[in-house]
Structure formats: structure tokens, C-alpha cells
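S.K.: Below: one structure in C-alpha cells.
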Protein chains: 2
Amino acid sequence: MSDHHPPVYEGLNCPVPLRHTEEIILGHGSGGKLTDDLIKNVFMPHLASPPLSEANDFAVVQPDPNKTAEGSLIVSTDGHIVSPIVFPGGDIGRLAVCGTVNDISMSGGTPLYLTASFILEEGLPVVQLRDVVKSMKEAAEEANVQVIAGDTKVVERGKADKIFIATTGIGWLPKSRQINGKMAQPGDVVIVSGTLGDHGIAVLAAREELGFLTDLRSDVAPLNHLIAGLLRSAPNTHVLRDPTRGGLATSLNEIANQSQVSIWIKEQDIPVNPAVNAACEMLGFDPMYIANEGKVIAIVPADEAREALSAIQENPYGRHAAIIGEVRQSHAGQVLMQTAIGGTRILERLAGEILPRIC
Amino acid sequence: MSDHHPPVYEGLNCPVPLRHTEEIILGHGSGGKLTDDLIKNVFMPHLASPPLSEANDFAVVQPDPNKTAEGSLIVSTDGHIVSPIVFPGGDIGRLAVCGTVNDISMSGGTPLYLTASFILEEGLPVVQLRDVVKSMKEAAEEANVQVIAGDTKVVERGKADKIFIATTGIGWLPKSRQINGKMAQPGDVVIVSGTLGDHGIAVLAAREELGFLTDLRSDVAPLNHLIAGLLRSAPNTHVLRDPTRGGLATSLNEIANQSQVSIWIKEQDIPVNPAVNAACEMLGFDPMYIANEGKVIAIVPADEAREALSAIQENPYGRHAAIIGEVRQSHAGQVLMQTAIGGTRILERLAGEILPRIC
């Protein structure tokens with residue numbers, strides 16, 4: 001039995017090509033198909049550069065334009081607009097630091113420096129800003145990165161929403177390590193570092209005051225130490241990606257497309273917190289599409305899979321890691337899920353937006 | 001005759017210490033005293049790092065943590081919230097690229113890479129975004145920098161204002177060149193690269209529809225090529241700074257404070273566009289405090305001053321450059337202006353906010 005129907009919520013925002021859209025809609029910020037349309041139709045025609053065209057969450061560049069160094073700079077940027085700014089398990093400050101630390105870490109490089117650009121809404125209580133900055137400090141200390149540059153702008157009441165933070169991370173990739181979305185090979189094993197959807201549902205619960213989810217906390221965490229441990233045990237890791245906006249399904253689709261392979265996963269092997277499953281069933285969501293902020297997908301050669309899994313599980317943020325699938329040659333570009341009831345479902349990437357303002 | 005009265009607009013926002021303020025006000029984004037209070041009271045206690053504590057508009061760091069390179073990375077970040085997003089002489093896209101290119105250039109380093117984080121308001125016409133991105137491309141090409149990473153978020157209608165862009169720049173400082181705000185020496189000469197206040201008044205004119213200012217255009221421009229020419233002719237340049245938020249008066253105060261010197265300037269030698277002077281007189285502003293986006297203050301040893309001035313004037317963006325003053329030992333930390341009528345006026349740094357949303 002085969003299930004080719006798109007997920008039920010996919011129709012919330014019709015994935016029209018951008019040329020038929022005259023205005024920016026929330027789905028353009030989803031990290032899914034509409035974001036892709038915006039990038040391809042508006043940004044890339046003007047701003048294309050070799051690092052941007054790689055379509056990873058990080059850029060690899062040389063620090064000294066006149067000399068090839070013994071490594072590369074890794075650079076990544078992210079804007080953070082989560083609402084509410086405080087949620088169970090974290091706040092926009094922790095999110096801003098971890099989001100960028102994690103994007104750098106997905107290259108296999110070591111995150112070193114962060115910049116932070118704050119856009120504040122007039123009327124924001126200073127005490128709230130102070131708490132957010134304190135969270136940033138704690139996350140930066142945990143990740144062992146230094147905040148080296150900052151900027152603050154203030155806009156009139158009603159022209160922003162409390163706090164937006166754009167962070168840029170700079171890291172260093174010491175050797176010719178080749179970890180990126182193009183490197184998945186048939187036969188590779190797919191590992192996820194823990195339960196999926198915790199961040200998105202925790203933020204939603206905080207926003208909508210869903211009282212039945214009192215125990216659920218965002219997974220927002222810096223993953224650089226977990227990744228470093230993984231790479232010591234599985235030095236030939238091919239792909240690392242954090243399934244943020246668009247969730248596991250979208251990230252796997254990006255990888256399948258970049259590597260021109262198919263990725264086959266088993267629904268019953270995918271770790272999902274029961275509270276997230278319950279909330280998703282009630283609200284009509286699918287945990288495969290919900291954002292995570294402290295999880296990594298690792299695609300590793302089969303002969304390093306056991307070591308990789310053990311290394312991830314040794315880290316406190318990886319205790320619930322699991323092998324969830326494998327990479328194959330056929331059906332290149334597709335992600336296929338063997339469902340619990342025995343069928344095979346094509347997992348499309350997220351089309352529009354299901355949970356806006358989640359990161 | 002001496003004139004120690006503060007500028008008339010300084011009372012618009014009382015420069016209270018932050019501990020007496022419970023909410024963020026527009027002045028906290030002015031780049032003046034209130035911004036300084038916010039940095040000292042909220043950001044630095046948690047995020048202080050050696051580069052941040054230098055109080056330049058750029059950070060100087062090492063790319064490889066385990067090895068001293070033959071140069072340094074230069075990093076700077078800025079959020080852009082200008083309203084309106086299009087104004088005579090430029091738009092928020094050109095501003096975002098030039099602002100960050102210029103901050104990098106003020107280190108004496110070469111800007112190489114930019115990241116751009118977009119926060120878009122739902123409902124923004126796509127054609128407006130396309131125009132802004134096209135402007136970014138043109139400015140990046142002119143400055144010869146590559147956009148290497150980007151991010152797009154979308155917030156609901158009324159939760160942002162059309163487009164905000166946070167840019168981070170990365171550059172390379174090839175040798176042990178020592179250009180920064182701490183390097184001004186008694187006897188040095190102060191040069192400004194052209195007329196002051198054009199950007200701030202042009203944006204104000206666009207916003208308020210001040211019809212009498214039809215000919216005035218923002219000076220927004222990438223200054224890296226101008227700076228490169230200056231440094232070829234005056235390699236011992238001590239300080240470079242672009243007088244953006246807070247204008248010439250605020251930038252000179254920062255330098256006087258960092259170097260523990262006084263800076264003496266002559267009002268009649270300071271180039272100001274007659275239209276800017278007229279607008280300022282009418283509106284009760286002082287061009288010394290108005291933002292520029294394509295001007296540089298260069299503080300150079302007296303024996304390189306003529307060469308420095310000539311080099312700046314050779315660049316199209318420096319045609320109206322002038323020597324405006326000198327650095328002295330006494331009155332450390334102060335900026336003093338000999339007025340056209342023969343008095344001496346202390347130029348304080350900007351206290352609150354006179355023109356919000358200018359950059």
C-alpha cells in the first residue's frame with residue numbers, strides 16, 4: 001500500500017511560483033518551498049556567489065584572498081524573530097546563539113565568533129532585554145564562542161515585535177574535511193540525535209497557552225561539542241544538518257536533492273516525544289515538519305554507523321539518538337518513509353508555513 | 001567669547017542613566033550617549049570580549065585559533081531599519097552593503113565577504129524587495145565584495161516595517177597595520193572626506209516630503225577604494241572613522257575619548273552642503289550631529305596630511321574633502337569647535353535621538 005497524498009496542512013499556503021505572487025506572505029519565511037522560490041527568483045539572480053550556490057547553511061571561504069590557508073573560514077547568518085521571546089526551555093537569546101553555533105557546526109568546523117545585531121521595539125522593558133542578553137552569554141559560554149561585534153537599532157512602537165536578533169557566526173575548518181549536503185552516498189546510514197518537534201511544539205504551546213503541554217520544553221541547545229565527539233568517532237561522516245524550519249522532512253529533502261540520492265526512513269524508528277505526538281494529532285500537524293533547535297541529522301558510512309550513534313548518545317543532548325534510515329541510489333531527490341502500517345509515503349519538503357515565528 | 005550651551009535639540013530625549021529607564025526608547029538606537037548607556041549597562045556586563053571592549057566599529061580576530069596568521073580577520077555587523085526604504089541617492093539595500101563595507105574599511109583592512117539577514121513584513125510587494133536586492137548587488141559589485149550567506153524571515157503585517165536588513169562584513173587586514181580610535185596623537189591633522197549631513201537630511205526630506213530639498217541626495221557609498229588610495233599615500237594614518245549615527249560630533253568625541261586627546265576643529269573649514277545648512281537652520285538641527293553614510297574622518301600625522309588630502313580628493317566620493325582641525329594634548333576627551341564668529345564651543349556627543357530610523 002502506497003500513500004502519495006501530500007500532508008494535510010500543505011494546502012494552508014499554496015506553493016505557487018513566486019512570479020504569481022505579488023506580496024510577501026508568511027510562507028516565504030518557512031524554510032520550505034516558498035522560501036526556496038524566493039531565494040531562486042529574487043535573491044540568487046542578483047546575489048549569487050559560489051558559497052551561496054552551494055545551498056548549505058554555511059559558507060566556506062578563504063580568510064586571506066592572496067594565500068591559501070591551512071583551513072577555511074565557515075560563515076553563517078540567521079535572523080531570529082521567535083514569538084513569544086521566552087518559551088519553555090529557552091528564549092530568543094539562547095536561540096540566536098545556538099542557531100548560529102549549530103549552522104557553523106554542521107560544516108564539521110569549530111564555531112569561534114559571533115556577531116549580534118539587535119532590532120528593538122520602543123517600549124520594550126529593559127529587564128526583558130537584560131534577561132535575553134544573559135541567556136546569550138550563558139549559551140555562548142556553553143558553546144565556547146566569543147561575541148565580537150554588536151549593533152542596536154530601535155524602531156517605533158508597533159514597527160517591530162519586542163526583539164529581533166540577527167546573528168552571524170564565524171568558525172574554522174582546520175583540514176580538508178568534506179562535510180556537506182552533496183556528500184550523501186548510497187549505503188550511508190541516517191541518524192537523528194534525538195526526539196523531533198520539541199522546539200516547534202513548545203513555542204506553539206507557549207504562544208497559544210496550550211495547558212496540556214506543560215511538561216514539554218524546547219530542545220534549543222548548542223551542538224558543537226556533540227558534533228566534535230561524533231567526528232572523533234566517525235571521522236568520515238558525510239553530511240550533518242540541523243532540521244530547523246521545515247523539520248526533518250525538509251532537511252532530508254534538501255540533502256536528497258543536493259546529493260542526488262534517495263533517503264529512506266522508517267516511521268517507527270524516528271524518536272518523537274509522546275507529548276509532541278499528542279499535540280500534533282490534536283492540531284493536525286506532522287512532527288516530521290516541525291522545527292528543532294537542538295537536533296542534528298548525521299549521514300555516515302555504514303561501517304561507522306555504530307560508533308557514530310554511540311558517540312552521539314554519550315552527549316547529554318544526544319541521549320535519544322537513533323538510526324532512522326539509509327541512503328539509496330534509485331528515486332534520486334526523493335525522501336520515502338515506510339509508515340508504521342506498512343506503506344511507503346513520499347515525504348515532500350514543507351510547502352508554506354505551518355508554524356510562523358518559531359525561530 | 002565662549003559658547004558652552006548644549007545644542008538646542010539635546011533635550012528631546014533626556015540622557016538619563018539606564019538604571020532610571022525602565023523601557024527602551026528611540027534614543028537607545030541613536031548611536032549617542034543613550035546607546036552608550038545601553039551598551040555599558042546591559043550588553044557589556046554579559047557579552048564583554050576583548051574585541052567588543054575596544055569600542056571600534058569592527059573587531060579584529062584570528063581566523064585559526066591554534067596559529068597566528070600573517071594578518072587578521074576584520075568583522076563588523078549592523079542592522080538597517082531606514083524609513084523610507086527608498087530615498088534620494090539610495091535605498092536600504094545600498095545602505096546595508098555600504099554601511100558594513102565602510103565599517104570594515106575603517107580598520108584599514110580590505111572588505112571581502114558579506115552576509116545578509118532579511119526580516120520582511122508580510123504584505124511587502126515583491127517588486128520592492130527585488131529593487132532592494134538589485135541595489136545590494138550593485139553596491140557589492142562596486143565595493144568588490146561577495147555576498148556569501150543569507151537568511152530570510154517573515155513576520156506578520158504590523159510586526160515589522162517593510163524590510164529590515166542586518167549585514168555582517170568580513171575583511172582581511174594583511175599586515176600589522178595599527179589603525180583604530182586609540183591611535184590619535186597630539187599634532188595629528190583631522191580630515192573629513194566631504195560635505196556633512198547629506199544622508200540624514202536626504203532621508204528626512206524623503207520621509208517628511210520637504211519639497212524645498214529636491215536636489216539633496218544621500219551620500220551613501222562604499223568607501224573602501226577611497227580608503228585604499230588614502231593608505232597608499234598616507235600609510236601612517238592613525239584613525240579612520242565613518243561619522244554615521246550621531247554625526248561628526250559624536251565620532252570625534254569617541255576618538256577623543258579612546259585616544260585621551262582633544263580634537264579642535266574650525267567651523268568655517270567644515271564642508272556642509274548649503275541645502276543641508278538651510279534645512280538644519282529651518283528645523284533646528286546641527287549638521288555636526290547628522291548621519292553620513294559615505295564620509296570618512298581621517299586622522300593622520302601632520303607630515304602626511306597634504307598627501308592624504310590629495311589622495312582622498314582624487315576619489316569621486318572625496319572631491320570636497322577638507323582639513324578641518326587638529327589633535328592636541330590638553331582637554332583630553334573633549335572636542336572643541338572654533339565657531340565662525342570667533343568663540344569656542346564644546347561639541348558634546350549626541351545625547352538622545354534627533355532623527356530616528358535614518359540608517
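Letters A, B, ... mark the chains of the C-alpha cells in the order given; residue numbers begin at 1 per chain; ligand numbers begin at 1, in order shown.
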Which residues are close to segment 64-66 of chain A, i.e. within 12 Å by only C-alpha atoms, leaving aside same-chain residues fewer than 3 positions away? Reply as a list in words.
M.R.: Val61, Ala69, Glu70, Gly71, Ser72 and Leu73 of chain A; Gln62, Pro63, Asp64, Ala69, Glu70, Gly71, Ser72, Leu73, Ile74, Gly109, Thr110, Pro111, Leu112, Tyr113, Val145, Gln146, Ile170, Gly171, Trp172, Leu173, Pro174 and Lys175 of chain B
S.K.: Extract, using only C-alpha atoms, all DNA, RNA and protein residues at most 12 Å from segment 223-225 of chain A, discarding same-chain residues fewer than 5 positions from it, and format them as a PyMOL selection string.
M.R.: chain A and resi 97-112+139-140+142-145+171+193-194+230-232+240-242+292-297+311-312+314-318
S.K.: Which is closest to Leu216 of chain B among B:Pro274, B:Gly229, B:Pro356, B:Pro84, if we use only C-alpha atoms?
M.R.: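 Of the candidates, the smallest distance to Leu216 of chain B is held by B:Pro274.
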S.K.: Residues within 10 Å of Glu304 of chain B, please, as a PDB file with C-alpha atoms, in the first residue's frame. Count only C-alpha atoms; anything in the same chain fewer than 5 positions from it doesn't count.
M.R.:
```pdb
ATOM      1  CA  ASP B 188      47.814  64.945  14.041  1.00  0.00           C
ATOM      2  CA  VAL B 189      45.646  66.564  11.393  1.00  0.00           C
ATOM      3  CA  SER B 233      49.563  57.999   0.058  1.00  0.00           C
ATOM      4  CA  ALA B 234      49.441  58.224   3.852  1.00  0.00           C
ATOM      5  CA  PRO B 235      50.470  54.795   5.124  1.00  0.00           C
ATOM      6  CA  ASN B 236      50.868  56.042   8.702  1.00  0.00           C
ATOM      7  CA  THR B 237      47.224  57.095   9.039  1.00  0.00           C
ATOM      8  CA  ILE B 299      43.354  61.461  11.431  1.00  0.00           C
ATOM      9  CA  LEU B 309      44.042  65.142   1.410  1.00  0.00           C
TER      10      LEU B 309
END
```
S.K.: Find the residue from A:Lys266, A:Arg319, A:Arg357, A:Lys159 that sits nearest to Gln338 of chain A; use only C-alpha atoms when measuring.
M.R.: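 Closest candidate: A:Lys266.
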S.K.: Using only C-alpha atoms, which of the listed residues (B:Ile25, B:Ala278, B:Leu226, B:Ala96) sits closest to Phe118 of chain B?
M.R.: B:Ala96
S.K.: Segment 246-255 of chain A: which residues within 7 Å, counting only C-alpha atoms, same-chain residues fewer than 6 positions away excluded, as a PyMOL selection string?
M.R.: chain A and resi 30-32+181-182+288-292+333-335+347-350
S.K.: Figure out the distance between atom CA of Ile227 of chain A and atom CA of Phe164 of chain A, please, to one decimal in Å.
M.R.: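 That distance, rounded to one decimal, is 27.7 Å.
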S.K.: Can you work out which one of A:Val300, A:Ile85, A:Cys359, A:Ala221 has the shortest atom-to-atom distance to chain B, counting only C-alpha atoms?
M.R.: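 Distance minimum relative to chain B lands on A:Cys359.
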S.K.: Run DSSP on the backbone and tell me which residues of segment 226-350 of chain B come out as alpha helix (DSSP H); list them as a PyMOL selection string.
M.R.: chain B and resi 226-233+247-259+274-283+305-314
S.K.: So which residues touch segment 322-331 of chain B within 9 Å, counting only C-alpha atoms, skipping near sequence neighbours fewer than 6 positions away, as a ChimeraX atom specification?
M.R.: /B:184-194,256,260-271,299,302,305-306,309,313,337
S.K.: Applying 7 Å and only C-alpha atoms, which residues near Gly90 of chain A remain after dropping the ones on its own chain fewer than 2 positions away? List them as a VMD selection string.
M.R.: chain A and resid 86 to 88 94 218 220
S.K.: Write out, as a PDB file, in the first residue's frame, the residues just selected, with C-alpha atoms.
M.R.:
```pdb
ATOM      1  CA  VAL A  86      10.536  33.461  26.173  1.00  0.00           C
ATOM      2  CA  PHE A  87       9.290  29.865  25.955  1.00  0.00           C
ATOM      3  CA  PRO A  88       9.714  26.651  27.985  1.00  0.00           C
ATOM      4  CA  ARG A  94      19.616  31.254  23.622  1.00  0.00           C
ATOM      5  CA  SER A 218      12.229  23.319  23.586  1.00  0.00           C
ATOM      6  CA  VAL A 220      17.305  24.553  21.892  1.00  0.00           C
TER       7      VAL A 220
END
```
S.K.: Between B:Gly93, B:Gly79, B:Pro287, B:Gly343, which one has atoms that come closest to chain A, using only C-alpha atoms?
M.R.: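 Ranking B:Gly93, B:Gly79, B:Pro287, B:Gly343 by distance to chain A, first place goes to B:Gly79.
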S.K.: Among the residues of segment 91-326 of chain B, find those DSSP assigns to strand (DSSP E or B) from the backbone and print them as JSON, numbers by chain.
M.R.: {"B": [91, 110, 111, 112, 113, 114, 115, 116, 117, 118, 119, 120, 121, 125, 146, 147, 148, 149, 150, 151, 152, 153, 154, 155, 163, 164, 165, 166, 167, 168, 169, 170, 171, 172, 173, 189, 190, 191, 192, 239, 240, 241, 262, 263, 264, 265, 266, 297, 298, 299, 300, 322, 323, 324, 325, 326]}
S.K.: Identify which of the residues B:Val60, B:Leu129, B:Leu114, B:Ala275 lies closest to Gly169 of chain B, counting only C-alpha atoms when measuring atom-to-atom distances.
M.R.: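 Of all the options, B:Leu114 lies closest to Gly169 of chain B.
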